[in-house]
Every structure is written in C-alpha cells, then in structure tokens.
Amino acid sequence: MTEPRTERRRYLRVPVGARDLRLQLPSTATVQLLDISESGVLLSSTARLAVGQRARLRTRLGTDPVSAVVEVTRLAGHQPGGPRRYGARFVELDDEQRARITRFLGAV
C-alpha cells in the first residue's frame, strides 16, 4: 500500500487558470498562470525557459493588476508537443503587489 504524499509547501497554492499573460524576458512570451501562492507561481508555456531565468510577470488577479519578477526554479512537467510547466518563485515583489496577491488568495 502506498503512503500518502506529505505536502512540502509552506504556502497555500490557489488555481488561477488565467490565460494570455505576458512574461517579459529579453523578448515577450505568452504563458498561462496555473496557480499562485504567496511565494510563487506555476506557469504553462510553449516557450522554453531555463531554471534560474528571471522575467517580469504581469497579470490580473480579480480586478487588481499584479507585476512581479519571478525566477524559474524547476521544470514541473512536459509532454512531447505540448506546453511545458514551470515552477517559479517571486524574487522582486513590492508590498503593494504582495498585498494584492494575499487579498486574492484570501478571497478564493
């Protein structure tokens, strides 16, 4: 019998499903925001991102615009011919942006 997996995350992650977000790298990439927590995001994109790569993520959570710099921490999944999933953490997030994310997480 398999043991249940223990959750290792320190922060609650909330599914978002936002589409057509922009991720500013040296060029712009379209990503889908799959979920968000106080510490980071899970993204899906056909763009190839490298672990350690940083980019500015701009989106809306509810009616609030949010802008933050994220750093890709892992490739979270990929199926041949399909989009890749990336885990990323917030590395530049001012107090106002953090408050908007916290407000969104509390409203869900």
# chains A, B, ... in the order shown; residues from 1 in each chain; ligands from 1

$ residues_around --residues "Gly40 (chain A)" --least-positions-apart "5" --cutoff "7 Å" --atoms "only C-alpha atoms" --output "compact mmCIF listing (two decimals) with C-alpha atoms, in the first residue's frame"
# COMPACT_ATOMS: atom_id res chain seq x y z
CA ALA A 88 8.80 29.98 -10.38
CA ARG A 89 9.34 31.96 -7.20
CA PHE A 90 8.86 35.67 -6.61

$ residues_around --residues "Val72 (chain A)" --least-positions-apart "2" --cutoff "9 Å" --atoms "only C-alpha atoms" --output "PyMOL selection string"
chain A and resi 49-55+70+74-75+86-89

$ write_last_selection --atoms "C-alpha atoms" --output "compact mmCIF listing (two decimals), in the first residue's frame"
# COMPACT_ATOMS: atom_id res chain seq x y z
CA LEU A 49 12.54 28.74 -20.11
CA ALA A 50 15.70 27.86 -18.22
CA VAL A 51 15.98 27.15 -14.50
CA GLY A 52 17.43 30.31 -12.95
CA GLN A 53 16.00 32.54 -15.68
CA ARG A 54 14.26 35.68 -14.42
CA ALA A 55 11.38 37.52 -16.03
CA VAL A 70 9.91 35.69 -10.96
CA ARG A 74 12.07 23.95 -11.93
CA LEU A 75 10.56 22.31 -14.98
CA TYR A 86 7.39 25.73 -14.82
CA GLY A 87 7.57 26.46 -11.14
CA ALA A 88 8.80 29.98 -10.38
CA ARG A 89 9.34 31.96 -7.20

$ residues_around --residues "Ala47 (chain A)" --least-positions-apart "2" --cutoff "10 Å" --atoms "only C-alpha atoms" --output "list in words"
Thr28, Ala29, Thr30, Val31, Ser44, Ser45, Leu49, Ala50, Pro83, Arg84 and Arg85 of chain A

$ closest_residue --among "A:Leu57, A:Val66, A:Gly81, A:Ala99" --to "Leu43 (chain A)" --atoms "only C-alpha atoms"
A:Leu57

$ closest_residue --among "A:Gly82, A:Thr46, A:Arg100, A:Leu34" --to "Ser67 (chain A)" --atoms "only C-alpha atoms"
A:Arg100

$ residues_around --residues "Thr63 (chain A)" --least-positions-apart "3" --cutoff "12 Å" --atoms "only C-alpha atoms" --output "PyMOL selection string"
chain A and resi 59-60+66+100-101+103-104

$ write_last_selection --atoms "N, CA and C atoms" --output "PDB file, in the first residue's frame"
ATOM      1  N   THR A  59       0.017  40.312 -14.770  1.00  0.00           N
ATOM      2  CA  THR A  59      -1.280  39.660 -14.861  1.00  0.00           C
ATOM      3  C   THR A  59      -2.308  40.458 -14.079  1.00  0.00           C
ATOM      4  N   ARG A  60      -3.521  39.957 -14.045  1.00  0.00           N
ATOM      5  CA  ARG A  60      -4.582  40.496 -13.192  1.00  0.00           C
ATOM      6  C   ARG A  60      -5.076  39.364 -12.310  1.00  0.00           C
ATOM      7  N   VAL A  66      -1.188  42.903 -11.268  1.00  0.00           N
ATOM      8  CA  VAL A  66      -0.048  42.454 -10.469  1.00  0.00           C
ATOM      9  C   VAL A  66       1.161  42.358 -11.395  1.00  0.00           C
ATOM     10  N   ARG A 100      -1.833  42.582  -2.885  1.00  0.00           N
ATOM     11  CA  ARG A 100      -2.828  42.198  -3.883  1.00  0.00           C
ATOM     12  C   ARG A 100      -2.922  40.671  -3.997  1.00  0.00           C
ATOM     13  N   ILE A 101      -1.771  40.011  -3.979  1.00  0.00           N
ATOM     14  CA  ILE A 101      -1.770  38.543  -4.048  1.00  0.00           C
ATOM     15  C   ILE A 101      -2.423  37.959  -2.797  1.00  0.00           C
ATOM     16  N   ARG A 103      -4.612  39.359  -0.835  1.00  0.00           N
ATOM     17  CA  ARG A 103      -6.046  39.648  -0.912  1.00  0.00           C
ATOM     18  C   ARG A 103      -6.746  38.651  -1.837  1.00  0.00           C
ATOM     19  N   PHE A 104      -6.135  38.371  -2.986  1.00  0.00           N
ATOM     20  CA  PHE A 104      -6.701  37.403  -3.935  1.00  0.00           C
ATOM     21  C   PHE A 104      -6.779  36.021  -3.304  1.00  0.00           C
TER      22      PHE A 104
END

$ decode --residues "region 65-87 of chain A" --atoms "N, CA and C atoms" --output "compact mmCIF listing (two decimals), in the first residue's frame"
# COMPACT_ATOMS: atom_id res chain seq x y z
N PRO A 65 -4.29 44.61 -11.00
CA PRO A 65 -3.11 44.28 -11.80
C PRO A 65 -1.97 43.90 -10.86
N VAL A 66 -1.19 42.90 -11.27
CA VAL A 66 -0.05 42.45 -10.47
C VAL A 66 1.16 42.36 -11.39
N SER A 67 2.28 42.86 -10.90
CA SER A 67 3.53 42.80 -11.64
C SER A 67 4.63 42.39 -10.67
N ALA A 68 5.40 41.38 -11.05
CA ALA A 68 6.47 40.89 -10.18
C ALA A 68 7.55 40.23 -11.03
N VAL A 69 8.76 40.23 -10.51
CA VAL A 69 9.84 39.48 -11.15
C VAL A 69 9.85 38.10 -10.53
N VAL A 70 9.86 37.09 -11.41
CA VAL A 70 9.91 35.69 -10.96
C VAL A 70 11.18 35.05 -11.47
N GLU A 71 11.59 34.00 -10.78
CA GLU A 71 12.74 33.20 -11.21
C GLU A 71 12.29 31.76 -11.37
N VAL A 72 12.55 31.19 -12.53
CA VAL A 72 12.18 29.79 -12.78
C VAL A 72 13.02 28.90 -11.86
N THR A 73 12.34 28.05 -11.10
CA THR A 73 13.03 27.17 -10.16
C THR A 73 13.04 25.71 -10.61
N ARG A 74 12.10 25.35 -11.49
CA ARG A 74 12.07 23.95 -11.93
C ARG A 74 11.17 23.79 -13.14
N LEU A 75 11.45 22.77 -13.92
CA LEU A 75 10.56 22.31 -14.98
C LEU A 75 9.61 21.34 -14.29
N ALA A 76 8.33 21.68 -14.26
CA ALA A 76 7.36 20.92 -13.48
C ALA A 76 6.65 19.85 -14.30
N GLY A 77 6.88 19.81 -15.60
CA GLY A 77 6.25 18.78 -16.42
C GLY A 77 6.24 19.17 -17.88
N HIS A 78 6.22 18.14 -18.73
CA HIS A 78 6.22 18.39 -20.16
C HIS A 78 5.79 17.13 -20.88
N GLN A 79 4.90 17.30 -21.84
CA GLN A 79 4.52 16.20 -22.71
C GLN A 79 4.97 16.56 -24.11
N PRO A 80 5.54 15.62 -24.84
CA PRO A 80 6.03 15.93 -26.19
C PRO A 80 4.97 16.64 -27.02
N GLY A 81 5.37 17.75 -27.62
CA GLY A 81 4.47 18.52 -28.46
C GLY A 81 3.54 19.44 -27.70
N GLY A 82 3.56 19.37 -26.39
CA GLY A 82 2.67 20.20 -25.58
C GLY A 82 3.44 21.27 -24.83
N PRO A 83 2.71 22.11 -24.12
CA PRO A 83 3.37 23.16 -23.34
C PRO A 83 4.14 22.57 -22.15
N ARG A 84 5.11 23.31 -21.72
CA ARG A 84 5.88 22.94 -20.53
C ARG A 84 5.29 23.65 -19.33
N ARG A 85 5.45 23.03 -18.16
CA ARG A 85 5.01 23.65 -16.91
C ARG A 85 6.25 24.00 -16.10
N TYR A 86 6.24 25.23 -15.57
CA TYR A 86 7.39 25.73 -14.82
C TYR A 86 6.96 26.23 -13.45
N GLY A 87 7.73 25.86 -12.45
CA GLY A 87 7.57 26.46 -11.14
C GLY A 87 8.49 27.67 -11.06
